[in-house]
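File shown: final.pdb. Contents: PDB, C-alpha atoms.
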```
ATOM      1  CA  MET A 163      62.345  99.292 101.745
ATOM      2  CA  PRO A 164      65.311  99.611 104.160
ATOM      3  CA  ASN A 165      64.456 100.082 107.823
ATOM      4  CA  ALA A 166      65.984 103.297 109.204
ATOM      5  CA  LEU A 167      66.592 101.522 112.507
ATOM      6  CA  ASP A 168      69.159  99.393 110.685
ATOM      7  CA  ASN A 169      71.216 102.488 109.788
ATOM      8  CA  GLN A 170      74.828 102.314 110.923
ATOM      9  CA  VAL A 171      75.940 104.350 113.916
ATOM     10  CA  LEU A 172      79.569 105.018 114.830
ATOM     11  CA  VAL A 173      80.418 104.049 118.420
ATOM     12  CA  LEU A 174      83.084 105.989 120.338
ATOM     13  CA  ASN A 175      84.549 104.940 123.656
ATOM     14  CA  ARG A 176      84.611 107.287 126.638
ATOM     15  CA  LEU A 177      87.832 108.835 125.293
ATOM     16  CA  TRP A 178      86.071 109.627 121.987
ATOM     17  CA  GLN A 179      87.990 106.999 120.028
ATOM     18  CA  PRO A 180      86.066 104.985 117.387
ATOM     19  CA  VAL A 181      85.664 101.400 118.532
ATOM     20  CA  ASN A 182      82.727  99.891 116.682
ATOM     21  CA  ILE A 183      79.665 100.258 114.477
ATOM     22  CA  CYS A 184      76.173  99.327 115.611
ATOM     23  CA  SER A 185      72.640  99.705 114.312
ATOM     24  CA  ALA A 186      70.527 102.732 115.134
ATOM     25  CA  ARG A 187      68.231 100.333 116.999
ATOM     26  CA  ARG A 188      71.103  99.233 119.252
ATOM     27  CA  ALA A 189      72.292 102.823 119.675
ATOM     28  CA  LEU A 190      68.864 103.944 120.884
ATOM     29  CA  GLY A 191      68.803 101.059 123.335
ATOM     30  CA  LEU A 192      72.172 102.106 124.780
ATOM     31  CA  LEU A 193      70.969 105.702 124.912
ATOM     32  CA  PHE A 194      67.760 104.754 126.755
ATOM     33  CA  LEU A 195      69.761 102.728 129.326
ATOM     34  CA  ASN A 196      72.164 105.656 129.883
ATOM     35  CA  HIS A 197      75.077 103.559 128.605
ATOM     36  CA  ALA A 198      75.736 106.074 125.829
ATOM     37  CA  GLN A 199      75.046 109.607 124.716
ATOM     38  CA  VAL A 200      74.456 110.967 121.233
ATOM     39  CA  VAL A 201      77.197 113.165 119.791
ATOM     40  CA  GLY A 202      75.782 116.230 118.072
ATOM     41  CA  THR A 203      77.106 116.574 114.531
ATOM     42  CA  PHE A 204      75.224 119.503 113.012
ATOM     43  CA  GLU A 205      74.715 123.234 113.450
ATOM     44  CA  ASP A 206      74.984 124.466 117.042
ATOM     45  CA  SER A 207      75.031 120.929 118.446
ATOM     46  CA  LEU A 208      78.446 120.025 116.976
ATOM     47  CA  PHE A 209      80.388 117.922 119.532
ATOM     48  CA  SER A 210      77.743 118.433 122.205
ATOM     49  CA  THR A 211      76.422 115.311 123.914
ATOM     50  CA  HIS A 212      72.808 114.414 124.560
ATOM     51  CA  ASP A 213      71.126 111.919 126.830
ATOM     52  CA  PHE A 214      67.887 110.228 125.787
ATOM     53  CA  GLU A 215      65.583 113.039 126.900
ATOM     54  CA  SER A 216      67.770 115.768 125.420
ATOM     55  CA  TRP A 217      68.113 113.985 122.075
ATOM     56  CA  MET A 218      64.380 113.333 121.828
ATOM     57  CA  SER A 219      63.820 117.099 121.999
ATOM     58  CA  PHE A 220      65.397 117.538 118.558
ATOM     59  CA  GLU A 221      62.626 117.660 115.983
ATOM     60  CA  ASP A 222      64.550 118.713 112.912
ATOM     61  CA  GLY A 223      67.994 118.041 111.531
ATOM     62  CA  PRO A 224      69.759 118.754 108.250
ATOM     63  CA  GLU A 225      67.880 117.912 105.085
ATOM     64  CA  GLY A 226      67.821 114.167 104.519
ATOM     65  CA  TRP A 227      68.677 113.282 108.125
ATOM     66  CA  PRO A 228      66.995 109.974 109.038
ATOM     67  CA  VAL A 229      64.017 110.209 111.364
ATOM     68  CA  ILE A 230      61.666 107.768 113.049
ATOM     69  CA  HIS A 231      57.943 108.406 113.325
ATOM     70  CA  THR A 232      55.822 107.100 116.164
ATOM     71  CA  VAL A 233      52.054 107.360 116.558
ATOM     72  CA  SER A 234      52.329 110.820 118.107
ATOM     73  CA  ASP A 235      55.896 111.964 117.610
ATOM     74  CA  ARG A 236      59.035 111.946 115.458
ATOM     75  CA  PHE A 237      62.685 111.992 116.417
ATOM     76  CA  LEU A 238      66.076 112.015 114.765
ATOM     77  CA  LEU A 239      68.265 108.944 114.578
ATOM     78  CA  PRO A 240      71.833 109.356 115.866
ATOM     79  CA  SER A 241      74.852 108.962 113.608
ATOM     80  CA  ILE A 242      77.461 108.878 116.397
ATOM     81  CA  ILE A 243      77.233 107.810 120.022
ATOM     82  CA  VAL A 244      79.815 107.947 122.801
ATOM     83  CA  LEU A 245      79.840 105.292 125.517
ATOM     84  CA  THR A 246      79.670 106.623 129.060
ATOM     85  CA  ALA A 247      81.917 104.052 130.760
ATOM     86  CA  PHE A 248      83.925 101.997 128.231
ATOM     87  CA  ASP A 249      87.364 103.596 127.723
ATOM     88  CA  ARG A 250      89.362 100.817 126.060
ATOM     89  CA  LEU A 251      90.146 100.053 122.445
ATOM     90  CA  PRO A 252      89.208  96.594 121.198
ATOM     91  CA  ARG A 253      92.230  94.333 121.082
ATOM     92  CA  GLN A 254      92.578  92.248 117.990
ATOM     93  CA  GLU A 255      95.610  90.456 116.662
ATOM     94  CA  ILE A 256      96.481  91.045 113.023
ATOM     95  CA  LYS A 257      96.858  87.842 111.078
ATOM     96  CA  PHE A 258     100.356  87.488 109.670
ATOM     97  CA  SER A 259      99.966  86.862 105.946
ATOM     98  CA  ARG A 260     101.568  87.830 102.671
ATOM     99  CA  GLU A 261      98.748  90.215 101.782
ATOM    100  CA  ASN A 262      98.835  91.941 105.170
ATOM    101  CA  VAL A 263     102.617  92.445 104.920
ATOM    102  CA  LEU A 264     102.200  93.953 101.452
ATOM    103  CA  GLN A 265      99.482  96.252 102.754
ATOM    104  CA  ARG A 266     101.567  97.288 105.744
ATOM    105  CA  ASP A 267     104.430  98.268 103.419
ATOM    106  CA  GLY A 268     102.126  99.923 100.898
ATOM    107  CA  TYR A 269     103.181  97.571  98.070
ATOM    108  CA  ILE A 270     106.548  99.366  98.097
ATOM    109  CA  CYS A 271     109.798  97.414  97.963
ATOM    110  CA  GLN A 272     111.550  98.194 101.229
ATOM    111  CA  TYR A 273     114.956  98.169  99.535
ATOM    112  CA  CYS A 274     114.581 100.197  96.329
ATOM    113  CA  GLY A 275     111.545 102.224  97.377
ATOM    114  CA  LYS A 276     109.558 101.539  94.215
ATOM    115  CA  ARG A 277     105.897 100.581  94.164
ATOM    116  CA  PHE A 278     104.928  97.344  92.404
ATOM    117  CA  GLU A 279     101.884  95.276  91.608
ATOM    118  CA  ASN A 280     101.124  92.404  93.957
ATOM    119  CA  ARG A 281     102.351  89.819  91.459
ATOM    120  CA  ASP A 282     105.780  91.499  91.215
ATOM    121  CA  LEU A 283     106.469  91.410  94.943
ATOM    122  CA  ASN A 284     107.549  88.786  97.418
ATOM    123  CA  LEU A 285     108.520  88.645 101.076
ATOM    124  CA  ASP A 286     112.090  88.916 102.305
ATOM    125  CA  HIS A 287     113.576  87.845 105.613
ATOM    126  CA  VAL A 288     115.655  90.813 106.757
ATOM    127  CA  ILE A 289     117.742  88.407 108.825
ATOM    128  CA  PRO A 290     117.886  85.237 106.680
ATOM    129  CA  ARG A 291     116.459  82.087 108.163
ATOM    130  CA  ASP A 292     119.783  80.269 107.885
ATOM    131  CA  LYS A 293     121.281  83.004 110.075
ATOM    132  CA  GLY A 294     118.644  82.732 112.772
ATOM    133  CA  GLY A 295     115.961  84.970 111.309
ATOM    134  CA  VAL A 296     112.342  84.140 112.070
ATOM    135  CA  THR A 297     109.195  84.576 110.047
ATOM    136  CA  SER A 298     107.495  87.418 111.903
ATOM    137  CA  TRP A 299     106.208  90.954 111.434
ATOM    138  CA  GLU A 300     109.525  92.279 112.762
ATOM    139  CA  ASN A 301     111.710  90.337 110.290
ATOM    140  CA  ILE A 302     109.686  90.286 107.065
ATOM    141  CA  VAL A 303     109.463  93.078 104.514
ATOM    142  CA  CYS A 304     107.946  93.573 101.102
ATOM    143  CA  SER A 305     110.581  93.204  98.376
ATOM    144  CA  CYS A 306     110.636  93.319  94.592
ATOM    145  CA  ILE A 307     112.017  90.274  92.826
ATOM    146  CA  ARG A 308     115.152  92.113  91.685
ATOM    147  CA  CYS A 309     116.089  93.335  95.174
ATOM    148  CA  ASN A 310     115.217  90.006  96.733
ATOM    149  CA  THR A 311     117.519  88.221  94.316
ATOM    150  CA  LYS A 312     120.287  90.775  94.858
ATOM    151  CA  LYS A 313     120.136  90.475  98.656
ATOM    152  CA  GLY A 314     119.942  86.685  98.621
ATOM    153  CA  ASN A 315     120.622  85.205 102.033
ATOM    154  CA  LYS A 316     122.977  87.973 103.163
ATOM    155  CA  LEU A 317     122.604  90.058 106.276
ATOM    156  CA  PRO A 318     121.654  93.709 105.662
ATOM    157  CA  LEU A 319     125.194  94.875 106.447
ATOM    158  CA  GLU A 320     126.710  92.269 104.143
ATOM    159  CA  ALA A 321     124.406  93.191 101.270
ATOM    160  CA  HIS A 322     124.469  96.943 102.042
ATOM    161  CA  MET A 323     120.677  96.759 101.840
ATOM    162  CA  ALA A 324     118.788  97.909 104.908
ATOM    163  CA  PRO A 325     114.977  98.207 104.855
ATOM    164  CA  LEU A 326     113.667 101.723 104.333
ATOM    165  CA  ARG A 327     111.550 101.341 107.457
ATOM    166  CA  LYS A 328     111.989  99.117 110.469
ATOM    167  CA  PRO A 329     109.399  96.334 110.124
ATOM    168  CA  VAL A 330     106.909  96.239 112.984
ATOM    169  CA  ALA A 331     103.610  94.556 113.724
ATOM    170  CA  PRO A 332     100.815  96.859 112.500
ATOM    171  CA  ARG A 333      98.437  98.445 114.938
ATOM    172  CA  TRP A 334      94.749  97.697 114.566
ATOM    173  CA  ARG A 335      91.945 100.210 114.637
ATOM    174  CA  PRO A 336      88.440  99.455 113.510
ATOM    175  CA  LEU A 337      86.936 100.599 110.240
ATOM    176  CA  VAL A 338      90.110 101.926 108.638
ATOM    177  CA  ASP A 339      92.579 100.275 106.269
ATOM    178  CA  PHE A 340      96.380 100.530 106.020
ATOM    179  CA  ASN A 341      96.210 103.755 104.017
ATOM    180  CA  GLY A 342      93.826 105.525 106.348
ATOM    181  CA  GLU A 343      90.828 105.033 104.076
ATOM    182  CA  VAL A 344      87.557 104.135 105.731
ATOM    183  CA  ARG A 345      86.222 100.788 104.581
ATOM    184  CA  GLY A 346      82.843 101.056 102.909
ATOM    185  CA  GLU A 347      80.357 103.928 102.859
ATOM    186  CA  TYR A 348      79.748 105.930 105.995
ATOM    187  CA  HIS A 349      77.924 109.009 107.257
ATOM    188  CA  GLU A 350      79.607 112.319 106.433
ATOM    189  CA  SER A 351      79.751 113.227 110.132
ATOM    190  CA  TRP A 352      82.042 110.246 110.830
ATOM    191  CA  ARG A 353      84.917 112.034 109.070
ATOM    192  CA  LEU A 354      85.441 114.089 112.215
ATOM    193  CA  PHE A 355      86.583 110.966 114.043
ATOM    194  CA  LEU A 356      87.836 108.576 111.365
ATOM    195  CA  GLU A 357      89.990 110.599 109.022
ATOM    196  CA  PRO A 358      92.435 112.401 111.341
ATOM    197  CA  SER A 359      94.294 109.152 112.096
ATOM    198  CA  ALA A 360      95.733 106.918 109.389
ATOM    199  CA  SER A 361      97.842 104.368 111.278
ATOM    200  CA  SER A 362      95.578 101.379 110.827
ATOM    201  CA  VAL A 363      95.216  98.144 109.017
ATOM    202  CA  THR A 364      92.721  95.961 107.292
ATOM    203  CA  LEU A 365      92.493  92.287 108.035
ATOM    204  CA  SER A 366      92.708  89.691 105.335
ATOM    205  CA  ALA A 367      91.028  86.339 105.703
TER     206      ALA A 367
END
```
Would you write the structure of this file as structure tokens?
Amino acid sequence: MPNALDNQVLVLNRLWQPVNICSARRALGLLFLNHAQVVGTFEDSLFSTHDFESWMSFEDGPEGWPVIHTVSDRFLLPSIIVLTAFDRLPRQEIKFSRENVLQRDGYICQYCGKRFENRDLNLDHVIPRDKGGVTSWENIVCSCIRCNTKKGNKLPLEAHMAPLRKPVAPRWRPLVDFNGEVRGEYHESWRLFLEPSASSVTLSA
């Protein structure tokens, strides 16, 4: 039987930005040490914050909310905590790879604007390598075979084929993929913090 203390808890930094996931066990430890507060996510407690003593005073939550029983007491497990001091976002470099480029561009050819299956796409150097172009996020776009063949090794102006969007290195945020979809299952209350922003990526191995 799964241990409720292993439940996942969303971690926000001091600016209320999602930065990580931890276990309920770890979240309670941070709460006890005053390194974090619980974010209220139901009824009148929505968006309120609670220290250890305040959170322990909650005896009941919505139906099905996970609880822990001790010898003489019971208390609710948090679903979201906010750190009291940490205000940065984790920095992580996105690996440059074919799959990550395709995900960044949404599997859409950046010349004709049509969506294709992975097998029908390749990568195009906007500035051809024989004209000084480099293999980087800023010079590679997703291209269908037809457009790639048509452009050849011409410059965009020569081929009259400019990318639909300027290629840039994707920004990384935890938990969310290129299309703004949260990876894996998560607590309903997390939607308040994960779904408003969709400019993120998923990392391929």
Need the shell around Ala324 in chain A: protein/DNA/RNA residues with any atom at most 9 Å away, counting all atoms listed in the file. Skip same-chain ones fewer than 3 positions apart. Format as a PyMOL selection string? chain A and resi 272-273+288+317-319+321+327-328
Excluding range 289-301 of chain A and its own-chain neighbours fewer than 6 positions away, which residues fall within 9 Å of it when counting all atoms listed in the file? Please give them as an NGL selection string. :A and (258 or 263 or 314-318 or 328-332)
Here is a test: counting all atoms listed in the file, which residue of A:Leu193, A:Ile270, A:Leu167, A:Ile242 is nearest to Val229 in chain A?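 Of the candidates, the smallest distance to Val229 in chain A is held by A:Leu167.
We find CA of Leu190 in chain A and CA of Ser351 in chain A to be spaced 17.9 Å apart.
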Report, in Å with one decimal, the straight-line distance from CA of Leu264 in chain A to CA of Asn310 in chain A.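 Those two atoms sit 14.4 Å apart.
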Nearest residue to Cys184 in chain A out of A:Ser207, A:Val244, A:Gly275, A:Ser216, using all atoms listed in the file? A:Val244
